[in-house]
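Each remark here refers to the structure printed beneath this line.
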Amino acid sequence: MSRQKNQSYKAHGLPKGKEREQRTLIRFKTTLMNTLMDVLRHRPGWVEVKDEGEWDFYWCDVSWLRENFDHTYMDEHVRISHFRNHYELTRKNYMVKNLKRFRKQLEREAGKVEAAKCDFFPKTFEMPCEYHLFVEEFRKNPGITWIMKPVARSQGKGIFLFRRLKDIMDWRKGTVGKKLTIVEAQPARANMNPSGSHDTKNSDDQKDEIPVENYVAQRYVENPYLIGGRKFDLRVYVLVMSYIPLRAWLYRDGFARFSNTRFTLSSIDDHYVHLTNVAVQKTSPDYHPKKGCKWMLQRFRQYLASKHGPEAVETLFSDMDNIFIKSLQSVQKVIISDKHCFELYGYDILIDQDLKPWLLEVNASPSLTASSQEDYELKTCLLEDTLHVVDMEARLTGREKRVGGFDLMWNDGPVSREEGPSDLTGMGNFVPNTHLGCVNDRKEQLRQLFRSLQVQKKAPG
């Protein structure tokens, strides 16, 4: 994205110097007072900038993005934490539209088998604009359960399940003509379209002002995989450094979020049964703050392997890899890829009884507020490693396949776990470089990585 520097533009970055020279002083800015602030303040050589001071790194909220991005001149090395139109993937209705379009494109260009690899999201209709299409589908399958979700709210707010058309008619009468004011005015999608969906807390929350509150009506997955009789979903972290070319990293750690109440379809009004959001579950009368309702992904993977064997687990996690890549490819041509931008996405995945993963949504502002000590440690390591990959200090070579807990899974094509060129001949020798839910020996890996980089730097060129 080209910008000219003039009097109406704010400039950020260093006035002079080679862009890839190692930097010892990084000026950062953020408004988010949570784990992120702890990580930024403890990072060697990083100094916080207040108010209008010049910065090199800004973990911004989306309201700043909308109001200032197009009026800010940034030097080559400057980085901010969102892509300009991130909402193409993170707002529920746009995500589904882009996935449907991408599926049709794949079917035209590569055939039905390849297109079927996009069948990882439940049948979805945007409301109220696709109301009549929804009614037609609803009447084809009487008795099944549907879930209604506001496209631009988080933490389980506004969600309800239903089985009767009367419920949706009552909703429609109550919604049409009303205005919903949330926190943030409506940003641009090209010219004037709403912002992305966010999973945030406190100061992380940035939402929309929408003339009519849009929802999606989605077929409810009635056969979720249960552990101890309880429903759960998975939170997985994907870091995108570039869309053109697509360059994406997958974090090894994540967690399963459990409901506090045993699953049943006989009480579809009970949010403690059906919604796994921590914001919902922590209001349950028998919620334990210290215990929480999360499993780390390593524990989850080990549990599945003990129940179903390693091959079934490999297949499941490979199917999840497919979700991450296909969803990113679906927006690759519509996201404005700017070299100053990166994005840490929080993917929400549901597993059904057949060990099929379903994409529920993608969050552009995954919650960085910890719900337990274990959660704090995970998010601290996640953010430290995010900053290592973003590499404001210019220490990396750009050829790394692993940085801390992050593994490079896509670099303008799939990345092989093995050294050397990837085997994409279809002969079955290719092993993708993903380790979700595997051992995360990040401290040792980082120690070896930075020691190796120091040796390379000292070696005569």
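Scheme for the structure tokens: letters A, B, ... for chains in order shown; per-chain residue numbers from 1; ligand numbers from 1 in order shown.
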Which polymer residues have any atom within 10 Å of an atom of Arg447 (chain A), counting only C-alpha atoms, with same-chain residues fewer than 5 positions away left out, as a compact mmCIF listing (two decimals) with C-alpha atoms, in the first residue's frame?
```txt
# COMPACT_ATOMS: atom_id res chain seq x y z
CA GLY A 404 10.14 -21.00 19.72
CA ARG A 442 10.61 -23.64 23.10
CA SER A 452 23.47 -20.25 16.00
```
Might you pull out every residue within 8 Å of Pro122 (chain A), with only C-alpha atoms counted and same-chain residues fewer than 5 positions away left off, and present them as an mmCIF file with all heavy atoms, in the first residue's frame?
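Written output follows (part-v3.cif):
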```cif
data_model
loop_
_atom_site.group_PDB
_atom_site.id
_atom_site.type_symbol
_atom_site.label_atom_id
_atom_site.label_comp_id
_atom_site.auth_asym_id
_atom_site.auth_seq_id
_atom_site.Cartn_x
_atom_site.Cartn_y
_atom_site.Cartn_z
ATOM 1 N N GLN A 218 -26.834 -20.975 11.723
ATOM 2 C CA GLN A 218 -25.908 -22.050 11.382
ATOM 3 C C GLN A 218 -26.437 -23.374 11.917
ATOM 4 O O GLN A 218 -26.965 -23.434 13.036
ATOM 5 C CB GLN A 218 -24.546 -21.749 12.019
ATOM 6 C CG GLN A 218 -23.383 -22.518 11.463
ATOM 7 C CD GLN A 218 -22.065 -21.926 11.968
ATOM 8 O OE1 GLN A 218 -21.754 -21.990 13.155
ATOM 9 N NE2 GLN A 218 -21.295 -21.331 11.066
ATOM 10 N N ARG A 219 -26.312 -24.391 11.099
ATOM 11 C CA ARG A 219 -26.733 -25.714 11.561
ATOM 12 C C ARG A 219 -25.873 -26.116 12.757
ATOM 13 O O ARG A 219 -24.639 -26.079 12.692
ATOM 14 C CB ARG A 219 -26.584 -26.729 10.432
ATOM 15 C CG ARG A 219 -27.174 -28.089 10.787
ATOM 16 C CD ARG A 219 -27.413 -28.930 9.553
ATOM 17 N NE ARG A 219 -27.905 -30.261 9.910
ATOM 18 C CZ ARG A 219 -28.400 -31.125 9.047
ATOM 19 N NH1 ARG A 219 -28.476 -30.807 7.768
ATOM 20 N NH2 ARG A 219 -28.830 -32.307 9.441
ATOM 21 N N TYR A 220 -26.523 -26.482 13.850
ATOM 22 C CA TYR A 220 -25.821 -26.818 15.085
ATOM 23 C C TYR A 220 -25.261 -28.235 14.976
ATOM 24 O O TYR A 220 -25.959 -29.154 14.523
ATOM 25 C CB TYR A 220 -26.791 -26.721 16.259
ATOM 26 C CG TYR A 220 -26.152 -26.904 17.620
ATOM 27 C CD1 TYR A 220 -25.225 -25.985 18.097
ATOM 28 C CD2 TYR A 220 -26.488 -27.979 18.440
ATOM 29 C CE1 TYR A 220 -24.647 -26.134 19.351
ATOM 30 C CE2 TYR A 220 -25.917 -28.140 19.686
ATOM 31 C CZ TYR A 220 -24.993 -27.213 20.138
ATOM 32 O OH TYR A 220 -24.416 -27.366 21.373
ATOM 33 N N VAL A 221 -24.006 -28.397 15.374
ATOM 34 C CA VAL A 221 -23.388 -29.730 15.370
ATOM 35 C C VAL A 221 -23.953 -30.494 16.562
ATOM 36 O O VAL A 221 -23.583 -30.242 17.714
ATOM 37 C CB VAL A 221 -21.852 -29.635 15.442
ATOM 38 C CG1 VAL A 221 -21.234 -31.033 15.462
ATOM 39 C CG2 VAL A 221 -21.304 -28.840 14.250
ATOM 40 N N TRP A 358 -14.639 -29.012 12.802
ATOM 41 C CA TRP A 358 -15.485 -27.988 12.194
ATOM 42 C C TRP A 358 -14.948 -26.614 12.598
ATOM 43 O O TRP A 358 -14.652 -26.372 13.768
ATOM 44 C CB TRP A 358 -16.927 -28.117 12.676
ATOM 45 C CG TRP A 358 -17.595 -29.389 12.286
ATOM 46 C CD1 TRP A 358 -17.624 -30.567 12.984
ATOM 47 C CD2 TRP A 358 -18.362 -29.624 11.094
ATOM 48 N NE1 TRP A 358 -18.346 -31.518 12.301
ATOM 49 C CE2 TRP A 358 -18.816 -30.966 11.136
ATOM 50 C CE3 TRP A 358 -18.713 -28.828 9.990
ATOM 51 C CZ2 TRP A 358 -19.601 -31.530 10.124
ATOM 52 C CZ3 TRP A 358 -19.488 -29.383 8.990
ATOM 53 C CH2 TRP A 358 -19.920 -30.723 9.058
ATOM 54 N N LEU A 359 -14.856 -25.722 11.623
ATOM 55 C CA LEU A 359 -14.449 -24.347 11.924
ATOM 56 C C LEU A 359 -15.658 -23.558 12.406
ATOM 57 O O LEU A 359 -16.647 -23.414 11.684
ATOM 58 C CB LEU A 359 -13.857 -23.688 10.670
ATOM 59 C CG LEU A 359 -13.497 -22.208 10.797
ATOM 60 C CD1 LEU A 359 -12.443 -21.982 11.876
ATOM 61 C CD2 LEU A 359 -13.022 -21.651 9.453
#
```
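CA of Thr261 (chain A) to CA of Ser367 (chain A) spans 22.8 Å [interatomic distance, one decimal].
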Inset, instruction - Could you give me, as an MDAnalysis selection string, each residue of region 241-436 of chain A that DSSP assigns to strand (DSSP E) when run on this structure's backbone? - result: chainID A and resid 241:243 246:258 294:296 343:351 357:363 402:403 406:411
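Atom pair CA of Val49 (chain A) / CA of Asp338 (chain A): separated by 23.3 Å.
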Inset, instruction - Might you pull out every residue within 6 Å of Tyr347 (chain A), with only C-alpha atoms counted and same-chain residues fewer than 4 positions away left off, and present them as JSON, numbers by chain? - result: {"A": [235, 236, 362]}
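The space separating CA of Asp354 (chain A) from CA of Arg417 (chain A) comes to 27.7 Å.
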